[in-house]
file data.pdb (PDB, C-alpha atoms)
ATOM      1  CA  MET Z1113     129.158 138.555  95.619  1.00  0.00           C
ATOM      2  CA  VAL Z1114     132.608 138.071  94.102  1.00  0.00           C
ATOM      3  CA  THR Z1115     135.029 140.881  94.752  1.00  0.00           C
ATOM      4  CA  SER Z1116     137.448 142.269  92.207  1.00  0.00           C
ATOM      5  CA  GLN Z1117     141.113 141.499  92.670  1.00  0.00           C
ATOM      6  CA  PRO Z1118     143.946 144.042  92.687  1.00  0.00           C
ATOM      7  CA  PRO Z1119     146.264 143.939  89.644  1.00  0.00           C
ATOM      8  CA  GLY Z1120     148.711 141.061  89.741  1.00  0.00           C
ATOM      9  CA  ARG Z1121     146.534 138.869  91.992  1.00  0.00           C
ATOM     10  CA  LEU Z1122     145.327 135.503  90.877  1.00  0.00           C
ATOM     11  CA  SER Z1123     141.999 135.472  89.160  1.00  0.00           C
ATOM     12  CA  LEU Z1124     139.882 132.496  88.310  1.00  0.00           C
ATOM     13  CA  SER Z1125     137.952 132.489  85.048  1.00  0.00           C
ATOM     14  CA  ALA Z1126     134.185 132.846  85.211  1.00  0.00           C
ATOM     15  CA  ARG Z1127     133.796 129.119  84.411  1.00  0.00           C
ATOM     16  CA  GLU Z1128     136.326 128.139  87.094  1.00  0.00           C
ATOM     17  CA  ARG Z1129     134.497 130.261  89.683  1.00  0.00           C
ATOM     18  CA  GLU Z1130     131.134 128.830  88.651  1.00  0.00           C
ATOM     19  CA  ALA Z1131     132.358 125.226  88.805  1.00  0.00           C
ATOM     20  CA  LEU Z1132     134.039 125.761  92.184  1.00  0.00           C
ATOM     21  CA  GLN Z1133     130.973 127.522  93.609  1.00  0.00           C
ATOM     22  CA  LEU Z1134     128.722 124.652  92.531  1.00  0.00           C
ATOM     23  CA  ILE Z1135     131.105 122.044  93.972  1.00  0.00           C
ATOM     24  CA  ALA Z1136     131.236 124.040  97.226  1.00  0.00           C
ATOM     25  CA  SER Z1137     127.436 123.948  97.378  1.00  0.00           C
ATOM     26  CA  GLY Z1138     127.544 120.144  97.451  1.00  0.00           C
ATOM     27  CA  MET Z1139     127.121 119.224  93.798  1.00  0.00           C
ATOM     28  CA  THR Z1140     129.099 116.469  92.133  1.00  0.00           C
ATOM     29  CA  PRO Z1141     131.007 117.341  88.950  1.00  0.00           C
ATOM     30  CA  ALA Z1142     128.258 115.634  86.920  1.00  0.00           C
ATOM     31  CA  GLU Z1143     125.558 117.720  88.629  1.00  0.00           C
ATOM     32  CA  ALA Z1144     127.618 120.888  88.155  1.00  0.00           C
ATOM     33  CA  ALA Z1145     128.063 120.016  84.465  1.00  0.00           C
ATOM     34  CA  THR Z1146     124.312 119.738  84.018  1.00  0.00           C
ATOM     35  CA  GLU Z1147     123.802 123.068  85.797  1.00  0.00           C
ATOM     36  CA  MET Z1148     126.496 124.753  83.676  1.00  0.00           C
ATOM     37  CA  GLY Z1149     125.358 123.139  80.415  1.00  0.00           C
ATOM     38  CA  VAL Z1150     128.757 121.572  79.730  1.00  0.00           C
ATOM     39  CA  CYS Z1151     130.231 118.075  79.896  1.00  0.00           C
ATOM     40  CA  THR Z1152     131.592 116.618  83.121  1.00  0.00           C
ATOM     41  CA  ALA Z1153     135.125 116.662  81.697  1.00  0.00           C
ATOM     42  CA  ARG Z1154     134.862 120.463  81.261  1.00  0.00           C
ATOM     43  CA  VAL Z1155     133.872 120.876  84.918  1.00  0.00           C
ATOM     44  CA  THR Z1156     136.721 118.605  86.006  1.00  0.00           C
ATOM     45  CA  ASP Z1157     139.148 120.676  83.923  1.00  0.00           C
ATOM     46  CA  CYS Z1158     137.811 123.918  85.418  1.00  0.00           C
ATOM     47  CA  LEU Z1159     138.250 122.505  88.928  1.00  0.00           C
ATOM     48  CA  ARG Z1160     141.774 121.326  88.141  1.00  0.00           C
ATOM     49  CA  TYR Z1161     142.767 124.730  86.722  1.00  0.00           C
ATOM     50  CA  ALA Z1162     141.178 126.548  89.657  1.00  0.00           C
ATOM     51  CA  ALA Z1163     142.961 124.300  92.165  1.00  0.00           C
ATOM     52  CA  ALA Z1164     146.292 124.946  90.423  1.00  0.00           C
ATOM     53  CA  LYS Z1165     145.752 128.723  90.470  1.00  0.00           C
ATOM     54  CA  LEU Z1166     144.737 128.539  94.129  1.00  0.00           C
ATOM     55  CA  ARG Z1167     147.767 126.317  94.876  1.00  0.00           C
ATOM     56  CA  SER Z1168     145.606 123.734  96.556  1.00  0.00           C
ATOM     57  CA  PRO Z1169     145.366 120.378  94.776  1.00  0.00           C
ATOM     58  CA  GLU Z1170     142.589 119.052  97.036  1.00  0.00           C
ATOM     59  CA  ARG Z1171     139.071 120.393  96.356  1.00  0.00           C
ATOM     60  CA  PRO Z1172     138.237 121.233  99.993  1.00  0.00           C
ATOM     61  CA  GLY Z1173     141.386 123.354 100.246  1.00  0.00           C
ATOM     62  CA  ALA Z1174     140.648 125.032  96.918  1.00  0.00           C
ATOM     63  CA  VAL Z1175     137.155 125.975  98.135  1.00  0.00           C
ATOM     64  CA  HIS Z1176     138.568 127.396 101.374  1.00  0.00           C
ATOM     65  CA  ARG Z1177     141.267 129.428  99.553  1.00  0.00           C
ATOM     66  CA  ALA Z1178     138.709 130.703  97.025  1.00  0.00           C
ATOM     67  CA  TYR Z1179     136.524 131.911  99.913  1.00  0.00           C
ATOM     68  CA  MET Z1180     139.496 133.506 101.680  1.00  0.00           C
ATOM     69  CA  LEU Z1181     140.627 135.299  98.510  1.00  0.00           C
ATOM     70  CA  GLY Z1182     137.132 136.438  97.547  1.00  0.00           C
ATOM     71  CA  GLU Z1183     137.143 134.421  94.329  1.00  0.00           C
ATOM     72  CA  ILE Z1184     133.809 132.785  95.195  1.00  0.00           C
ATOM     73  CA  SER Z1185     131.088 133.841  97.597  1.00  0.00           C
ATOM     74  CA  PRO Z1186     131.159 132.159 101.005  1.00  0.00           C
ATOM     75  CA  PRO Z1187     127.887 130.967 102.519  1.00  0.00           C
ATOM     76  CA  GLU Z1188     125.889 133.139 104.859  1.00  0.00           C
ATOM     77  CA  LEU Z1189     126.466 132.454 108.543  1.00  0.00           C
ATOM     78  CA  ILE Z1190     123.919 130.172 110.176  1.00  0.00           C
ATOM     79  CA  ASP Z1191     122.991 132.038 113.367  1.00  0.00           C
ATOM     80  CA  ASP Z1192     120.995 129.386 115.190  1.00  0.00           C
ATOM     81  CA  ALA Z1193     123.619 126.647 114.934  1.00  0.00           C
ATOM     82  CA  ASN Z1194     124.937 124.994 118.067  1.00  0.00           C
ATOM     83  CA  ILE Z1195     127.733 122.813 116.711  1.00  0.00           C
ATOM     84  CA  VAL Z1196     130.258 121.306 119.098  1.00  0.00           C
ATOM     85  CA  LEU Z1197     133.313 119.596 117.649  1.00  0.00           C
ATOM     86  CA  SER Z1198     135.920 117.534 119.430  1.00  0.00           C
ATOM     87  CA  ALA Z1199     139.488 118.774 119.133  1.00  0.00           C
ATOM     88  CA  GLY Z1200     140.195 115.892 116.725  1.00  0.00           C
ATOM     89  CA  GLN Z1201     137.218 116.725 114.515  1.00  0.00           C
ATOM     90  CA  TYR Z1202     138.299 120.351 114.382  1.00  0.00           C
ATOM     91  CA  GLU Z1203     141.879 119.388 113.439  1.00  0.00           C
ATOM     92  CA  VAL Z1204     140.571 117.226 110.587  1.00  0.00           C
ATOM     93  CA  LEU Z1205     138.301 120.040 109.365  1.00  0.00           C
ATOM     94  CA  ARG Z1206     141.194 122.515 109.504  1.00  0.00           C
ATOM     95  CA  GLY Z1207     143.432 120.054 107.655  1.00  0.00           C
ATOM     96  CA  LEU Z1208     140.896 119.703 104.852  1.00  0.00           C
ATOM     97  CA  ALA Z1209     140.516 123.485 104.675  1.00  0.00           C
ATOM     98  CA  GLY Z1210     144.295 123.767 104.503  1.00  0.00           C
ATOM     99  CA  GLY Z1211     144.311 121.633 101.369  1.00  0.00           C
ATOM    100  CA  GLN Z1212     145.835 118.568 102.976  1.00  0.00           C
ATOM    101  CA  ASP Z1213     144.983 115.030 101.909  1.00  0.00           C
ATOM    102  CA  LEU Z1214     143.726 112.487 104.434  1.00  0.00           C
ATOM    103  CA  GLY Z1215     147.106 110.729 104.732  1.00  0.00           C
ATOM    104  CA  TRP Z1216     148.865 113.988 105.590  1.00  0.00           C
ATOM    105  CA  ILE Z1217     146.199 114.886 108.154  1.00  0.00           C
ATOM    106  CA  ALA Z1218     146.483 111.438 109.740  1.00  0.00           C
ATOM    107  CA  ALA Z1219     150.262 111.667 109.997  1.00  0.00           C
ATOM    108  CA  ASN Z1220     150.134 115.146 111.508  1.00  0.00           C
ATOM    109  CA  ILE Z1221     147.590 114.345 114.197  1.00  0.00           C
ATOM    110  CA  GLY Z1222     149.071 110.941 114.954  1.00  0.00           C
ATOM    111  CA  VAL Z1223     146.256 108.608 113.887  1.00  0.00           C
ATOM    112  CA  ARG Z1224     145.686 106.109 111.094  1.00  0.00           C
ATOM    113  CA  ALA Z1225     144.170 107.235 107.784  1.00  0.00           C
ATOM    114  CA  ASP Z1226     141.060 105.092 108.375  1.00  0.00           C
ATOM    115  CA  VAL Z1227     140.413 107.069 111.573  1.00  0.00           C
ATOM    116  CA  VAL Z1228     140.591 110.323 109.616  1.00  0.00           C
ATOM    117  CA  ARG Z1229     138.178 108.910 107.013  1.00  0.00           C
ATOM    118  CA  ARG Z1230     135.751 108.014 109.821  1.00  0.00           C
ATOM    119  CA  VAL Z1231     136.066 111.500 111.312  1.00  0.00           C
ATOM    120  CA  VAL Z1232     135.378 113.060 107.890  1.00  0.00           C
ATOM    121  CA  ARG Z1233     132.191 110.949 107.610  1.00  0.00           C
ATOM    122  CA  GLU Z1234     131.171 112.043 111.141  1.00  0.00           C
ATOM    123  CA  LEU Z1235     131.763 115.695 110.236  1.00  0.00           C
ATOM    124  CA  MET Z1236     129.773 115.358 107.020  1.00  0.00           C
ATOM    125  CA  THR Z1237     126.836 113.908 108.966  1.00  0.00           C
ATOM    126  CA  LEU Z1238     127.103 116.472 111.764  1.00  0.00           C
ATOM    127  CA  LEU Z1239     127.308 119.464 109.404  1.00  0.00           C
ATOM    128  CA  GLY Z1240     124.962 118.101 106.730  1.00  0.00           C
ATOM    129  CA  ALA Z1241     127.608 118.022 103.999  1.00  0.00           C
ATOM    130  CA  GLN Z1242     127.351 115.932 100.858  1.00  0.00           C
ATOM    131  CA  THR Z1243     131.022 116.042  99.810  1.00  0.00           C
ATOM    132  CA  GLU Z1244     134.336 117.039 101.370  1.00  0.00           C
ATOM    133  CA  ALA Z1245     134.271 120.336  99.457  1.00  0.00           C
ATOM    134  CA  HIS Z1246     130.739 120.940 100.749  1.00  0.00           C
ATOM    135  CA  LEU Z1247     132.060 120.223 104.249  1.00  0.00           C
ATOM    136  CA  ILE Z1248     134.233 123.345 103.926  1.00  0.00           C
ATOM    137  CA  ASP Z1249     131.196 125.361 102.822  1.00  0.00           C
ATOM    138  CA  ARG Z1250     129.217 124.091 105.825  1.00  0.00           C
ATOM    139  CA  GLY Z1251     132.178 124.811 108.114  1.00  0.00           C
ATOM    140  CA  TRP Z1252     132.116 128.421 106.909  1.00  0.00           C
ATOM    141  CA  GLY Z1253     128.343 128.586 107.303  1.00  0.00           C
ATOM    142  CA  PHE Z1254     128.527 127.379 110.892  1.00  0.00           C
ATOM    143  CA  GLY Z1255     131.369 129.785 111.674  1.00  0.00           C
ATOM    144  CA  LEU Z1256     133.886 126.986 112.251  1.00  0.00           C
ATOM    145  CA  LEU Z1257     136.117 128.259 109.428  1.00  0.00           C
ATOM    146  CA  GLY Z1258     136.746 131.643 107.897  1.00  0.00           C
ATOM    147  CA  PRO Z1259     138.037 135.068 108.798  1.00  0.00           C
ATOM    148  CA  LYS Z1260     135.359 135.794 111.421  1.00  0.00           C
ATOM    149  CA  ARG Z1261     136.320 132.753 113.456  1.00  0.00           C
ATOM    150  CA  ASP Z1262     138.818 133.648 116.151  1.00  0.00           C
ATOM    151  CA  ASP Z1263     140.328 132.040 119.221  1.00  0.00           C
ATOM    152  CA  ALA Z1264     137.687 133.611 121.472  1.00  0.00           C
ATOM    153  CA  THR Z1265     135.040 131.461 119.791  1.00  0.00           C
ATOM    154  CA  SER Z1266     137.033 128.255 119.780  1.00  0.00           C
ATOM    155  CA  SER Z1267     136.007 127.194 123.268  1.00  0.00           C
ATOM    156  CA  SER Z1268     132.347 127.249 122.266  1.00  0.00           C
ATOM    157  CA  ILE Z1269     132.823 125.002 119.248  1.00  0.00           C
ATOM    158  CA  VAL Z1270     135.567 122.647 120.328  1.00  0.00           C
ATOM    159  CA  ARG Z1271     135.513 120.354 123.313  1.00  0.00           C
ATOM    160  CA  ASP Z1272     137.807 117.590 124.446  1.00  0.00           C
ATOM    161  CA  ARG Z1273     136.377 114.113 124.606  1.00  0.00           C
ATOM    162  CA  GLY Z1274     137.782 113.317 127.972  1.00  0.00           C
TER     163      GLY Z1274
END

call {"tool": "encode", "arguments": {"input": "data.pdb", "output": "structure tokens"}}
result
Amino acid sequence: MVTSQPPGRLSLSAREREALQLIASGMTPAEAATEMGVCTARVTDCLRYAAAKLRSPERPGAVHRAYMLGEISPPELIDDANIVLSAGQYEVLRGLAGGQDLGWIAANIGVRADVVRRVVRELMTLLGAQTEAHLIDRGWGFGLLGPKRDDATSSSIVRDRG
């Protein structure tokens, strides 16, 4: 359910919300275009406009901000999940959610960009994500991201690798 925004707050168009919601669910722009009955270029434009309004040029960050602002509906929590992330995996996931590109994440955690790319692939496999934007959706579903996640839970989802 999408909530209404107070006056003066950003508001995505219905098409922008629909495109972003479909991308968050794991669809490619071409798949979203088919679902929406428009061309792929229209979906790409909607995603670009939504990202600009959300002030997050990277799609994963735009999905996270749209969830946080109530512009699109976040996934339901998956209760029976037992996901354990390393501290590095969690930092990469948080960087993506923060709208950072892989180079920025690498520089800020002190590793090479190819290491971050490998960690993203590991996270996608672990969480069952099809795209980086879908990774944010899965992170919300598993309670790794979002407003309900707090520091009290962090010890149960993040472990050091020695």

call {"tool": "atom_distance", "arguments": {"input": "data.pdb", "atom1": "CA of Arg1167 in chain Z", "atom2": "CA of Thr1146 in chain Z"}}
result
26.7 Å

call {"tool": "closest_residue", "arguments": {"input": "data.pdb", "among": "Z:Cys1158, Z:Leu1197, Z:Ala1142, Z:Val1175", "to": "Phe1254 in chain Z", "atoms": "only C-alpha atoms"}}
result
Z:Leu1197

call {"tool": "resolve_selection", "arguments": {"input": "data.pdb", "expression": "the PyMOL selection byres ((chain Z and resi 1218) around 12)", "output": "list in words"}}
result
Gly1200, Gln1201, Glu1203, Val1204, Leu1205, Gly1207, Leu1208, Gln1212, Asp1213, Leu1214, Gly1215, Trp1216, Ile1217, Ala1219, Asn1220, Ile1221, Gly1222, Val1223, Arg1224, Ala1225, Asp1226, Val1227, Val1228, Arg1229, Arg1230, Val1231 and Val1232 of chain Z

call {"tool": "residues_around", "arguments": {"input": "data.pdb", "residues": "range 1152-1155 of chain Z", "least_positions_apart": "3", "cutoff": "12 Å", "atoms": "all atoms listed in the file", "output": "list in words"}}
result
Ala1126, Arg1127, Glu1128, Arg1129, Glu1130, Ala1131, Leu1132, Gln1133, Leu1134, Ile1135, Met1139, Thr1140, Pro1141, Ala1142, Glu1143, Ala1144, Ala1145, Thr1146, Glu1147, Met1148, Gly1149, Cys1158, Leu1159, Arg1160, Tyr1161 and Ala1162 of chain Z

call {"tool": "axis_aligned_box", "arguments": {"input": "data.pdb", "around": "range 1183-1187 of chain Z", "padding_each_side": "4 Å", "output": "JSON"}}
result
{"center_x": 132.5, "center_y": 132.7, "center_z": 98.4, "size_x": 17.3, "size_y": 11.5, "size_z": 16.2}

call {"tool": "closest_residue", "arguments": {"input": "data.pdb", "among": "Z:Gly1251, Z:Gly1211, Z:Gly1138, Z:Pro1172", "to": "Ala1193 in chain Z", "atoms": "only C-alpha atoms"}}
result
Z:Gly1251

call {"tool": "atom_distance", "arguments": {"input": "data.pdb", "atom1": "CA of Leu1239 in chain Z", "atom2": "CA of Arg1171 in chain Z"}}
result
17.6 Å

call {"tool": "closest_residue", "arguments": {"input": "data.pdb", "among": "Z:Ala1163, Z:Glu1234, Z:Leu1189, Z:Cys1151", "to": "Pro1259 in chain Z", "atoms": "all atoms listed in the file"}}
result
Z:Leu1189

call {"tool": "atom_distance", "arguments": {"input": "data.pdb", "atom1": "CA of Gly1255 in chain Z", "atom2": "CA of Thr1156 in chain Z"}}
result
28.5 Å

call {"tool": "residues_around", "arguments": {"input": "data.pdb", "residues": "Leu1238 in chain Z", "least_positions_apart": "2", "cutoff": "10 Å", "atoms": "only C-alpha atoms", "output": "list in words"}}
result
Ile1195, Val1196, Leu1197, Val1232, Arg1233, Glu1234, Leu1235, Met1236, Gly1240, Ala1241, Leu1247 and Arg1250 of chain Z

call {"tool": "closest_residue", "arguments": {"input": "data.pdb", "among": "Z:Ala1245, Z:Leu1124, Z:Val1150, Z:Ala1136", "to": "Pro1186 in chain Z", "atoms": "all atoms listed in the file"}}
result
Z:Ala1136

call {"tool": "closest_residue", "arguments": {"input": "data.pdb", "among": "Z:Gly1258, Z:Pro1187, Z:Asp1157, Z:Gly1210", "to": "Ala1174 in chain Z", "atoms": "all atoms listed in the file"}}
result
Z:Gly1210

call {"tool": "closest_residue", "arguments": {"input": "data.pdb", "among": "Z:Ser1123, Z:Ser1137, Z:Ser1198, Z:Ser1185", "to": "Ile1248 in chain Z", "atoms": "all atoms listed in the file"}}
result
Z:Ser1137

call {"tool": "decode", "arguments": {"input": "data.pdb", "residues": "range 1152-1165 of chain Z", "atoms": "all heavy atoms", "output": "PDB file, in the first residue's frame"}}
result
ATOM      1  N   THR Z1152      10.537  -0.233 -23.539  1.00  0.00           N
ATOM      2  CA  THR Z1152      11.609  -0.263 -22.550  1.00  0.00           C
ATOM      3  C   THR Z1152      12.153   1.141 -22.287  1.00  0.00           C
ATOM      4  O   THR Z1152      12.486   1.475 -21.138  1.00  0.00           O
ATOM      5  CB  THR Z1152      12.746  -1.202 -23.015  1.00  0.00           C
ATOM      6  OG1 THR Z1152      12.185  -2.499 -23.262  1.00  0.00           O
ATOM      7  CG2 THR Z1152      13.834  -1.324 -21.971  1.00  0.00           C
ATOM      8  N   ALA Z1153      12.223   1.960 -23.326  1.00  0.00           N
ATOM      9  CA  ALA Z1153      12.720   3.331 -23.148  1.00  0.00           C
ATOM     10  C   ALA Z1153      11.834   4.119 -22.174  1.00  0.00           C
ATOM     11  O   ALA Z1153      12.334   4.925 -21.384  1.00  0.00           O
ATOM     12  CB  ALA Z1153      12.791   4.047 -24.493  1.00  0.00           C
ATOM     13  N   ARG Z1154      10.534   3.876 -22.209  1.00  0.00           N
ATOM     14  CA  ARG Z1154       9.606   4.566 -21.281  1.00  0.00           C
ATOM     15  C   ARG Z1154       9.896   4.152 -19.843  1.00  0.00           C
ATOM     16  O   ARG Z1154       9.918   4.982 -18.930  1.00  0.00           O
ATOM     17  CB  ARG Z1154       8.157   4.250 -21.657  1.00  0.00           C
ATOM     18  CG  ARG Z1154       7.132   4.833 -20.727  1.00  0.00           C
ATOM     19  CD  ARG Z1154       7.094   6.360 -20.838  1.00  0.00           C
ATOM     20  NE  ARG Z1154       5.962   6.842 -20.068  1.00  0.00           N
ATOM     21  CZ  ARG Z1154       6.055   7.793 -19.148  1.00  0.00           C
ATOM     22  NH1 ARG Z1154       7.190   8.409 -18.920  1.00  0.00           N
ATOM     23  NH2 ARG Z1154       4.980   8.166 -18.491  1.00  0.00           N
ATOM     24  N   VAL Z1155      10.136   2.863 -19.626  1.00  0.00           N
ATOM     25  CA  VAL Z1155      10.465   2.382 -18.278  1.00  0.00           C
ATOM     26  C   VAL Z1155      11.777   2.997 -17.816  1.00  0.00           C
ATOM     27  O   VAL Z1155      11.888   3.485 -16.684  1.00  0.00           O
ATOM     28  CB  VAL Z1155      10.535   0.836 -18.229  1.00  0.00           C
ATOM     29  CG1 VAL Z1155      11.105   0.352 -16.907  1.00  0.00           C
ATOM     30  CG2 VAL Z1155       9.152   0.239 -18.463  1.00  0.00           C
ATOM     31  N   THR Z1156      12.767   3.017 -18.690  1.00  0.00           N
ATOM     32  CA  THR Z1156      14.067   3.597 -18.352  1.00  0.00           C
ATOM     33  C   THR Z1156      13.915   5.075 -17.989  1.00  0.00           C
ATOM     34  O   THR Z1156      14.517   5.554 -17.025  1.00  0.00           O
ATOM     35  CB  THR Z1156      15.053   3.411 -19.521  1.00  0.00           C
ATOM     36  OG1 THR Z1156      15.158   2.011 -19.796  1.00  0.00           O
ATOM     37  CG2 THR Z1156      16.431   3.961 -19.189  1.00  0.00           C
ATOM     38  N   ASP Z1157      13.099   5.799 -18.749  1.00  0.00           N
ATOM     39  CA  ASP Z1157      12.834   7.202 -18.430  1.00  0.00           C
ATOM     40  C   ASP Z1157      12.158   7.339 -17.067  1.00  0.00           C
ATOM     41  O   ASP Z1157      12.544   8.183 -16.263  1.00  0.00           O
ATOM     42  CB  ASP Z1157      11.945   7.852 -19.494  1.00  0.00           C
ATOM     43  CG  ASP Z1157      12.682   8.139 -20.794  1.00  0.00           C
ATOM     44  OD1 ASP Z1157      13.938   8.099 -20.803  1.00  0.00           O
ATOM     45  OD2 ASP Z1157      11.993   8.394 -21.805  1.00  0.00           O
ATOM     46  N   CYS Z1158      11.161   6.512 -16.815  1.00  0.00           N
ATOM     47  CA  CYS Z1158      10.463   6.553 -15.517  1.00  0.00           C
ATOM     48  C   CYS Z1158      11.436   6.300 -14.370  1.00  0.00           C
ATOM     49  O   CYS Z1158      11.381   6.978 -13.338  1.00  0.00           O
ATOM     50  CB  CYS Z1158       9.335   5.522 -15.474  1.00  0.00           C
ATOM     51  SG  CYS Z1158       7.896   5.949 -16.462  1.00  0.00           S
ATOM     52  N   LEU Z1159      12.337   5.338 -14.549  1.00  0.00           N
ATOM     53  CA  LEU Z1159      13.316   5.029 -13.507  1.00  0.00           C
ATOM     54  C   LEU Z1159      14.295   6.182 -13.308  1.00  0.00           C
ATOM     55  O   LEU Z1159      14.655   6.511 -12.179  1.00  0.00           O
ATOM     56  CB  LEU Z1159      14.064   3.742 -13.852  1.00  0.00           C
ATOM     57  CG  LEU Z1159      13.226   2.466 -13.850  1.00  0.00           C
ATOM     58  CD1 LEU Z1159      14.025   1.307 -14.419  1.00  0.00           C
ATOM     59  CD2 LEU Z1159      12.718   2.146 -12.449  1.00  0.00           C
ATOM     60  N   ARG Z1160      14.690   6.807 -14.415  1.00  0.00           N
ATOM     61  CA  ARG Z1160      15.608   7.944 -14.324  1.00  0.00           C
ATOM     62  C   ARG Z1160      14.939   9.125 -13.611  1.00  0.00           C
ATOM     63  O   ARG Z1160      15.539   9.739 -12.724  1.00  0.00           O
ATOM     64  CB  ARG Z1160      16.095   8.342 -15.716  1.00  0.00           C
ATOM     65  CG  ARG Z1160      17.217   9.381 -15.672  1.00  0.00           C
ATOM     66  CD  ARG Z1160      17.813   9.719 -17.034  1.00  0.00           C
ATOM     67  NE  ARG Z1160      16.845  10.392 -17.893  1.00  0.00           N
ATOM     68  CZ  ARG Z1160      16.319   9.857 -18.992  1.00  0.00           C
ATOM     69  NH1 ARG Z1160      16.649   8.647 -19.377  1.00  0.00           N
ATOM     70  NH2 ARG Z1160      15.450  10.540 -19.717  1.00  0.00           N
ATOM     71  N   TYR Z1161      13.689   9.414 -13.953  1.00  0.00           N
ATOM     72  CA  TYR Z1161      12.974  10.510 -13.292  1.00  0.00           C
ATOM     73  C   TYR Z1161      12.750  10.212 -11.816  1.00  0.00           C
ATOM     74  O   TYR Z1161      12.899  11.089 -10.964  1.00  0.00           O
ATOM     75  CB  TYR Z1161      11.621  10.774 -13.970  1.00  0.00           C
ATOM     76  CG  TYR Z1161      11.712  11.179 -15.427  1.00  0.00           C
ATOM     77  CD1 TYR Z1161      10.737  10.787 -16.332  1.00  0.00           C
ATOM     78  CD2 TYR Z1161      12.776  11.952 -15.916  1.00  0.00           C
ATOM     79  CE1 TYR Z1161      10.815  11.154 -17.672  1.00  0.00           C
ATOM     80  CE2 TYR Z1161      12.850  12.314 -17.250  1.00  0.00           C
ATOM     81  CZ  TYR Z1161      11.866  11.916 -18.120  1.00  0.00           C
ATOM     82  OH  TYR Z1161      11.937  12.272 -19.445  1.00  0.00           O
ATOM     83  N   ALA Z1162      12.390   8.970 -11.518  1.00  0.00           N
ATOM     84  CA  ALA Z1162      12.172   8.584 -10.116  1.00  0.00           C
ATOM     85  C   ALA Z1162      13.468   8.717  -9.321  1.00  0.00           C
ATOM     86  O   ALA Z1162      13.471   9.258  -8.204  1.00  0.00           O
ATOM     87  CB  ALA Z1162      11.642   7.153 -10.033  1.00  0.00           C
ATOM     88  N   ALA Z1163      14.573   8.249  -9.892  1.00  0.00           N
ATOM     89  CA  ALA Z1163      15.864   8.326  -9.202  1.00  0.00           C
ATOM     90  C   ALA Z1163      16.246   9.784  -8.944  1.00  0.00           C
ATOM     91  O   ALA Z1163      16.760  10.119  -7.871  1.00  0.00           O
ATOM     92  CB  ALA Z1163      16.938   7.614 -10.019  1.00  0.00           C
ATOM     93  N   ALA Z1164      15.976  10.655  -9.908  1.00  0.00           N
ATOM     94  CA  ALA Z1164      16.287  12.080  -9.724  1.00  0.00           C
ATOM     95  C   ALA Z1164      15.435  12.672  -8.602  1.00  0.00           C
ATOM     96  O   ALA Z1164      15.944  13.399  -7.748  1.00  0.00           O
ATOM     97  CB  ALA Z1164      16.062  12.837 -11.036  1.00  0.00           C
ATOM     98  N   LYS Z1165      14.147  12.367  -8.591  1.00  0.00           N
ATOM     99  CA  LYS Z1165      13.269  12.875  -7.528  1.00  0.00           C
ATOM    100  C   LYS Z1165      13.682  12.339  -6.163  1.00  0.00           C
ATOM    101  O   LYS Z1165      13.576  13.038  -5.155  1.00  0.00           O
ATOM    102  CB  LYS Z1165      11.813  12.490  -7.810  1.00  0.00           C
ATOM    103  CG  LYS Z1165      11.191  13.255  -8.955  1.00  0.00           C
ATOM    104  CD  LYS Z1165       9.771  12.787  -9.190  1.00  0.00           C
ATOM    105  CE  LYS Z1165       9.108  13.481 -10.353  1.00  0.00           C
ATOM    106  NZ  LYS Z1165       7.731  12.983 -10.582  1.00  0.00           N
TER     107      LYS Z1165
END
